[in-house]
Amino acid sequence: MANSTRSQIDDALLALLSSTTWGTPKQQFKYTSKHFQQWEGFDASNQPALFLRRITEDVIQQRAYALNKYTMLYEVWVYLRVESNDTSFDPYSAIDPVIDALDATLGENNVTQRQNLGGLVDNTRIAGQ
């Protein structure tokens, strides 16, 4: 992150995630933002929606006078309302394709073998929960 600002990284990650498409016919997010909103107050007409939240940042200095290594942790929230009166309807069948598409979007690129947000970071990956 030596030459990249946090804001540049946030914006690049949100732009990358916002470009995600899934399904046939292709669907995409109607609303994306770094400004998280609670489900209860979020209008269904703006769904599917994606929110990006920066949660923590760890800084490690490997050696004295060496560059710091930053690890930034984000949460991605997806809101997807599906209306169905069918009791046999599997709600995971609606969200799983979105999650799979996000996984693919964050996957390695063919040139660097890492998702580096256009050179802003060393690597972007899915970790944790």
# chains A, B, ... in the order shown; residues from 1 in each chain; ligands from 1
$ select_by_dssp --residues "chain A" --states "strand (DSSP E or B)" --output "ChimeraX atom specification"
/A:21-22,27-28,31-33,49-61,68-79
$ write_last_selection --atoms "N, CA, C and O atoms" --output "compact mmCIF listing (two decimals), in the first residue's frame"
# COMPACT_ATOMS: atom_id res chain seq x y z
N THR A 21 -21.53 -10.14 -12.34
CA THR A 21 -22.79 -10.54 -12.97
C THR A 21 -22.99 -12.04 -12.72
O THR A 21 -22.04 -12.78 -12.48
N TRP A 22 -24.24 -12.46 -12.77
CA TRP A 22 -24.57 -13.87 -12.54
C TRP A 22 -25.88 -14.20 -13.23
O TRP A 22 -26.66 -13.33 -13.57
N GLN A 27 -27.67 -10.96 -14.52
CA GLN A 27 -28.16 -10.01 -13.53
C GLN A 27 -26.96 -9.30 -12.91
O GLN A 27 -25.84 -9.81 -12.97
N GLN A 28 -27.20 -8.16 -12.32
CA GLN A 28 -26.15 -7.43 -11.63
C GLN A 28 -26.76 -6.65 -10.48
O GLN A 28 -27.97 -6.57 -10.34
N TYR A 31 -27.70 -1.66 -6.72
CA TYR A 31 -27.20 -0.63 -5.79
C TYR A 31 -25.93 -1.16 -5.13
O TYR A 31 -25.91 -2.29 -4.64
N THR A 32 -24.87 -0.35 -5.12
CA THR A 32 -23.64 -0.70 -4.41
C THR A 32 -23.16 0.54 -3.67
O THR A 32 -23.33 1.67 -4.15
N SER A 33 -22.56 0.31 -2.49
CA SER A 33 -22.13 1.46 -1.70
C SER A 33 -21.14 1.03 -0.62
O SER A 33 -21.15 -0.12 -0.17
N ALA A 49 -28.51 -5.71 -3.80
CA ALA A 49 -27.61 -4.63 -3.39
C ALA A 49 -26.36 -5.22 -2.75
O ALA A 49 -26.39 -6.32 -2.18
N LEU A 50 -25.27 -4.47 -2.83
CA LEU A 50 -24.00 -4.88 -2.23
C LEU A 50 -23.44 -3.72 -1.44
O LEU A 50 -23.39 -2.59 -1.93
N PHE A 51 -23.02 -4.02 -0.21
CA PHE A 51 -22.37 -3.03 0.63
C PHE A 51 -20.98 -3.53 1.00
O PHE A 51 -20.80 -4.70 1.34
N LEU A 52 -20.01 -2.64 0.92
CA LEU A 52 -18.62 -2.94 1.28
C LEU A 52 -18.28 -2.18 2.54
O LEU A 52 -18.45 -0.96 2.60
N ARG A 53 -17.82 -2.92 3.56
CA ARG A 53 -17.46 -2.29 4.84
C ARG A 53 -16.02 -2.64 5.19
O ARG A 53 -15.67 -3.81 5.26
N ARG A 54 -15.19 -1.61 5.40
CA ARG A 54 -13.83 -1.87 5.90
C ARG A 54 -13.92 -2.05 7.40
O ARG A 54 -14.41 -1.18 8.11
N ILE A 55 -13.45 -3.18 7.90
CA ILE A 55 -13.62 -3.55 9.30
C ILE A 55 -12.36 -3.26 10.12
O ILE A 55 -12.42 -2.55 11.12
N THR A 56 -11.24 -3.84 9.74
CA THR A 56 -10.00 -3.65 10.49
C THR A 56 -8.82 -3.49 9.55
O THR A 56 -8.91 -3.79 8.36
N GLU A 57 -7.73 -3.06 10.14
CA GLU A 57 -6.48 -2.93 9.41
C GLU A 57 -5.35 -3.31 10.36
O GLU A 57 -5.26 -2.79 11.46
N ASP A 58 -4.51 -4.23 9.92
CA ASP A 58 -3.34 -4.63 10.69
C ASP A 58 -2.09 -4.16 9.96
O ASP A 58 -2.02 -4.25 8.73
N VAL A 59 -1.12 -3.69 10.71
CA VAL A 59 0.14 -3.23 10.14
C VAL A 59 1.27 -4.05 10.77
O VAL A 59 1.36 -4.17 11.99
N ILE A 60 2.10 -4.63 9.91
CA ILE A 60 3.24 -5.42 10.38
C ILE A 60 4.50 -4.86 9.73
O ILE A 60 4.53 -4.63 8.52
N GLN A 61 5.51 -4.65 10.55
CA GLN A 61 6.82 -4.26 10.01
C GLN A 61 7.75 -5.45 10.22
O GLN A 61 8.07 -5.82 11.35
N ASN A 68 6.17 -1.26 5.70
CA ASN A 68 5.12 -1.92 6.46
C ASN A 68 4.25 -2.77 5.54
O ASN A 68 4.06 -2.45 4.37
N LYS A 69 3.72 -3.85 6.09
CA LYS A 69 2.75 -4.69 5.38
C LYS A 69 1.39 -4.44 6.01
O LYS A 69 1.22 -4.61 7.21
N TYR A 70 0.44 -4.02 5.18
CA TYR A 70 -0.91 -3.74 5.65
C TYR A 70 -1.84 -4.87 5.23
O TYR A 70 -1.81 -5.31 4.09
N THR A 71 -2.66 -5.32 6.15
CA THR A 71 -3.72 -6.27 5.85
C THR A 71 -5.03 -5.62 6.23
O THR A 71 -5.23 -5.24 7.39
N MET A 72 -5.88 -5.45 5.24
CA MET A 72 -7.17 -4.79 5.45
C MET A 72 -8.28 -5.82 5.33
O MET A 72 -8.30 -6.62 4.40
N LEU A 73 -9.17 -5.82 6.29
CA LEU A 73 -10.28 -6.76 6.31
C LEU A 73 -11.58 -6.02 5.99
O LEU A 73 -11.89 -4.99 6.60
N TYR A 74 -12.32 -6.57 5.04
CA TYR A 74 -13.60 -6.00 4.63
C TYR A 74 -14.71 -7.02 4.85
O TYR A 74 -14.47 -8.22 4.82
N GLU A 75 -15.91 -6.52 4.99
CA GLU A 75 -17.11 -7.35 4.92
C GLU A 75 -17.88 -6.95 3.67
O GLU A 75 -17.94 -5.77 3.34
N VAL A 76 -18.45 -7.93 3.02
CA VAL A 76 -19.31 -7.69 1.87
C VAL A 76 -20.70 -8.18 2.26
O VAL A 76 -20.88 -9.34 2.62
N TRP A 77 -21.65 -7.28 2.22
CA TRP A 77 -23.05 -7.60 2.55
C TRP A 77 -23.85 -7.58 1.25
O TRP A 77 -23.77 -6.61 0.49
N VAL A 78 -24.62 -8.63 1.03
CA VAL A 78 -25.48 -8.70 -0.15
C VAL A 78 -26.93 -8.80 0.32
O VAL A 78 -27.26 -9.63 1.16
N TYR A 79 -27.75 -7.90 -0.20
CA TYR A 79 -29.19 -7.93 0.07
C TYR A 79 -29.89 -8.40 -1.19
O TYR A 79 -29.73 -7.82 -2.26
$ residues_around --residues "Ser45 in chain A" --least-positions-apart "6" --cutoff "12 Å" --atoms "only C-alpha atoms" --output "PyMOL selection string"
chain A and resi 29-31+79-82
$ closest_residue --among "A:Leu16, A:Thr24, A:Gly41, A:Ala66" --to "Ala104 in chain A" --atoms "only C-alpha atoms"
A:Leu16
$ closest_residue --among "A:Leu13, A:Leu117, A:Glu83, A:Pro25" --to "Ala44 in chain A" --atoms "only C-alpha atoms"
A:Glu83
$ closest_residue --among "A:Phe89, A:Leu17, A:Asp43, A:Leu67" --to "Thr124 in chain A" --atoms "only C-alpha atoms"
A:Leu17
$ select_by_dssp --residues "range 88-126 of chain A" --states "alpha helix (DSSP H)" --output "list in words"
Tyr92, Ser93, Ala94, Ile95, Asp96, Pro97, Val98, Ile99, Asp100, Ala101, Leu102, Asp103, Ala104 and Thr105 of chain A
$ write_last_selection --atoms "N, CA and C atoms" --output "compact mmCIF listing (two decimals), in the first residue's frame"
# COMPACT_ATOMS: atom_id res chain seq x y z
N TYR A 92 -31.52 -20.68 -0.74
CA TYR A 92 -30.11 -20.71 -1.11
C TYR A 92 -29.92 -20.77 -2.63
N SER A 93 -30.92 -21.26 -3.34
CA SER A 93 -30.82 -21.32 -4.80
C SER A 93 -30.79 -19.92 -5.41
N ALA A 94 -31.26 -18.93 -4.67
CA ALA A 94 -31.23 -17.55 -5.16
C ALA A 94 -29.90 -16.87 -4.83
N ILE A 95 -29.34 -17.10 -3.64
CA ILE A 95 -28.13 -16.39 -3.21
C ILE A 95 -26.86 -17.11 -3.65
N ASP A 96 -26.88 -18.43 -3.77
CA ASP A 96 -25.66 -19.17 -4.12
C ASP A 96 -25.02 -18.70 -5.43
N PRO A 97 -25.79 -18.47 -6.50
CA PRO A 97 -25.16 -17.98 -7.73
C PRO A 97 -24.48 -16.61 -7.55
N VAL A 98 -25.02 -15.77 -6.68
CA VAL A 98 -24.41 -14.46 -6.42
C VAL A 98 -23.09 -14.65 -5.69
N ILE A 99 -23.07 -15.50 -4.69
CA ILE A 99 -21.84 -15.77 -3.94
C ILE A 99 -20.78 -16.39 -4.85
N ASP A 100 -21.19 -17.34 -5.68
CA ASP A 100 -20.25 -17.96 -6.62
C ASP A 100 -19.67 -16.93 -7.59
N ALA A 101 -20.51 -16.01 -8.06
CA ALA A 101 -20.04 -14.97 -8.98
C ALA A 101 -19.07 -14.01 -8.28
N LEU A 102 -19.35 -13.67 -7.03
CA LEU A 102 -18.42 -12.82 -6.28
C LEU A 102 -17.08 -13.54 -6.08
N ASP A 103 -17.13 -14.83 -5.77
CA ASP A 103 -15.90 -15.62 -5.65
C ASP A 103 -15.09 -15.55 -6.94
N ALA A 104 -15.76 -15.72 -8.07
CA ALA A 104 -15.07 -15.68 -9.37
C ALA A 104 -14.51 -14.30 -9.66
N THR A 105 -15.26 -13.27 -9.31
CA THR A 105 -14.80 -11.89 -9.54
C THR A 105 -13.54 -11.60 -8.76
$ atom_distance --atom1 "CA of Lys26 in chain A" --atom2 "CA of Asp90 in chain A"
20.4 Å
$ decode --residues "range 82-110 of chain A" --atoms "N, CA and C atoms" --output "compact mmCIF listing (two decimals), in the first residue's frame"
# COMPACT_ATOMS: atom_id res chain seq x y z
N VAL A 82 -36.24 -12.26 -2.26
CA VAL A 82 -36.92 -13.19 -3.16
C VAL A 82 -38.29 -13.47 -2.57
N GLU A 83 -39.31 -13.18 -3.33
CA GLU A 83 -40.68 -13.41 -2.88
C GLU A 83 -41.16 -14.76 -3.41
N SER A 84 -41.60 -15.62 -2.50
CA SER A 84 -42.14 -16.92 -2.93
C SER A 84 -43.07 -17.45 -1.85
N ASN A 85 -44.22 -17.90 -2.28
CA ASN A 85 -45.16 -18.55 -1.37
C ASN A 85 -45.00 -20.06 -1.42
N ASP A 86 -44.10 -20.52 -2.25
CA ASP A 86 -43.86 -21.95 -2.41
C ASP A 86 -43.01 -22.45 -1.23
N THR A 87 -43.56 -23.30 -0.41
CA THR A 87 -42.84 -23.78 0.78
C THR A 87 -41.67 -24.70 0.42
N SER A 88 -41.65 -25.20 -0.79
CA SER A 88 -40.53 -26.04 -1.21
C SER A 88 -39.38 -25.23 -1.82
N PHE A 89 -39.59 -23.91 -1.96
CA PHE A 89 -38.56 -23.05 -2.54
C PHE A 89 -37.33 -23.03 -1.65
N ASP A 90 -36.17 -23.23 -2.24
CA ASP A 90 -34.90 -23.22 -1.52
C ASP A 90 -34.29 -21.82 -1.64
N PRO A 91 -34.26 -21.04 -0.56
CA PRO A 91 -33.73 -19.67 -0.65
C PRO A 91 -32.25 -19.63 -1.03
N TYR A 92 -31.52 -20.68 -0.74
CA TYR A 92 -30.11 -20.71 -1.11
C TYR A 92 -29.92 -20.77 -2.63
N SER A 93 -30.92 -21.26 -3.34
CA SER A 93 -30.82 -21.32 -4.80
C SER A 93 -30.79 -19.92 -5.41
N ALA A 94 -31.26 -18.93 -4.67
CA ALA A 94 -31.23 -17.55 -5.16
C ALA A 94 -29.90 -16.87 -4.83
N ILE A 95 -29.34 -17.10 -3.64
CA ILE A 95 -28.13 -16.39 -3.21
C ILE A 95 -26.86 -17.11 -3.65
N ASP A 96 -26.88 -18.43 -3.77
CA ASP A 96 -25.66 -19.17 -4.12
C ASP A 96 -25.02 -18.70 -5.43
N PRO A 97 -25.79 -18.47 -6.50
CA PRO A 97 -25.16 -17.98 -7.73
C PRO A 97 -24.48 -16.61 -7.55
N VAL A 98 -25.02 -15.77 -6.68
CA VAL A 98 -24.41 -14.46 -6.42
C VAL A 98 -23.09 -14.65 -5.69
N ILE A 99 -23.07 -15.50 -4.69
CA ILE A 99 -21.84 -15.77 -3.94
C ILE A 99 -20.78 -16.39 -4.85
N ASP A 100 -21.19 -17.34 -5.68
CA ASP A 100 -20.25 -17.96 -6.62
C ASP A 100 -19.67 -16.93 -7.59
N ALA A 101 -20.51 -16.01 -8.06
CA ALA A 101 -20.04 -14.97 -8.98
C ALA A 101 -19.07 -14.01 -8.28
N LEU A 102 -19.35 -13.67 -7.03
CA LEU A 102 -18.42 -12.82 -6.28
C LEU A 102 -17.08 -13.54 -6.08
N ASP A 103 -17.13 -14.83 -5.77
CA ASP A 103 -15.90 -15.62 -5.65
C ASP A 103 -15.09 -15.55 -6.94
N ALA A 104 -15.76 -15.72 -8.07
CA ALA A 104 -15.07 -15.68 -9.37
C ALA A 104 -14.51 -14.30 -9.66
N THR A 105 -15.26 -13.27 -9.31
CA THR A 105 -14.80 -11.89 -9.54
C THR A 105 -13.54 -11.60 -8.76
N LEU A 106 -13.44 -12.11 -7.54
CA LEU A 106 -12.25 -11.88 -6.71
C LEU A 106 -11.13 -12.87 -7.00
N GLY A 107 -11.35 -13.77 -7.95
CA GLY A 107 -10.33 -14.76 -8.26
C GLY A 107 -9.09 -14.15 -8.88
N GLU A 108 -8.11 -15.00 -9.08
CA GLU A 108 -6.84 -14.57 -9.66
C GLU A 108 -7.04 -14.06 -11.08
N ASN A 109 -6.23 -13.05 -11.45
CA ASN A 109 -6.26 -12.65 -12.85
C ASN A 109 -5.20 -13.45 -13.60
N ASN A 110 -5.28 -13.49 -14.90
CA ASN A 110 -4.42 -14.36 -15.69
C ASN A 110 -2.99 -13.85 -15.83
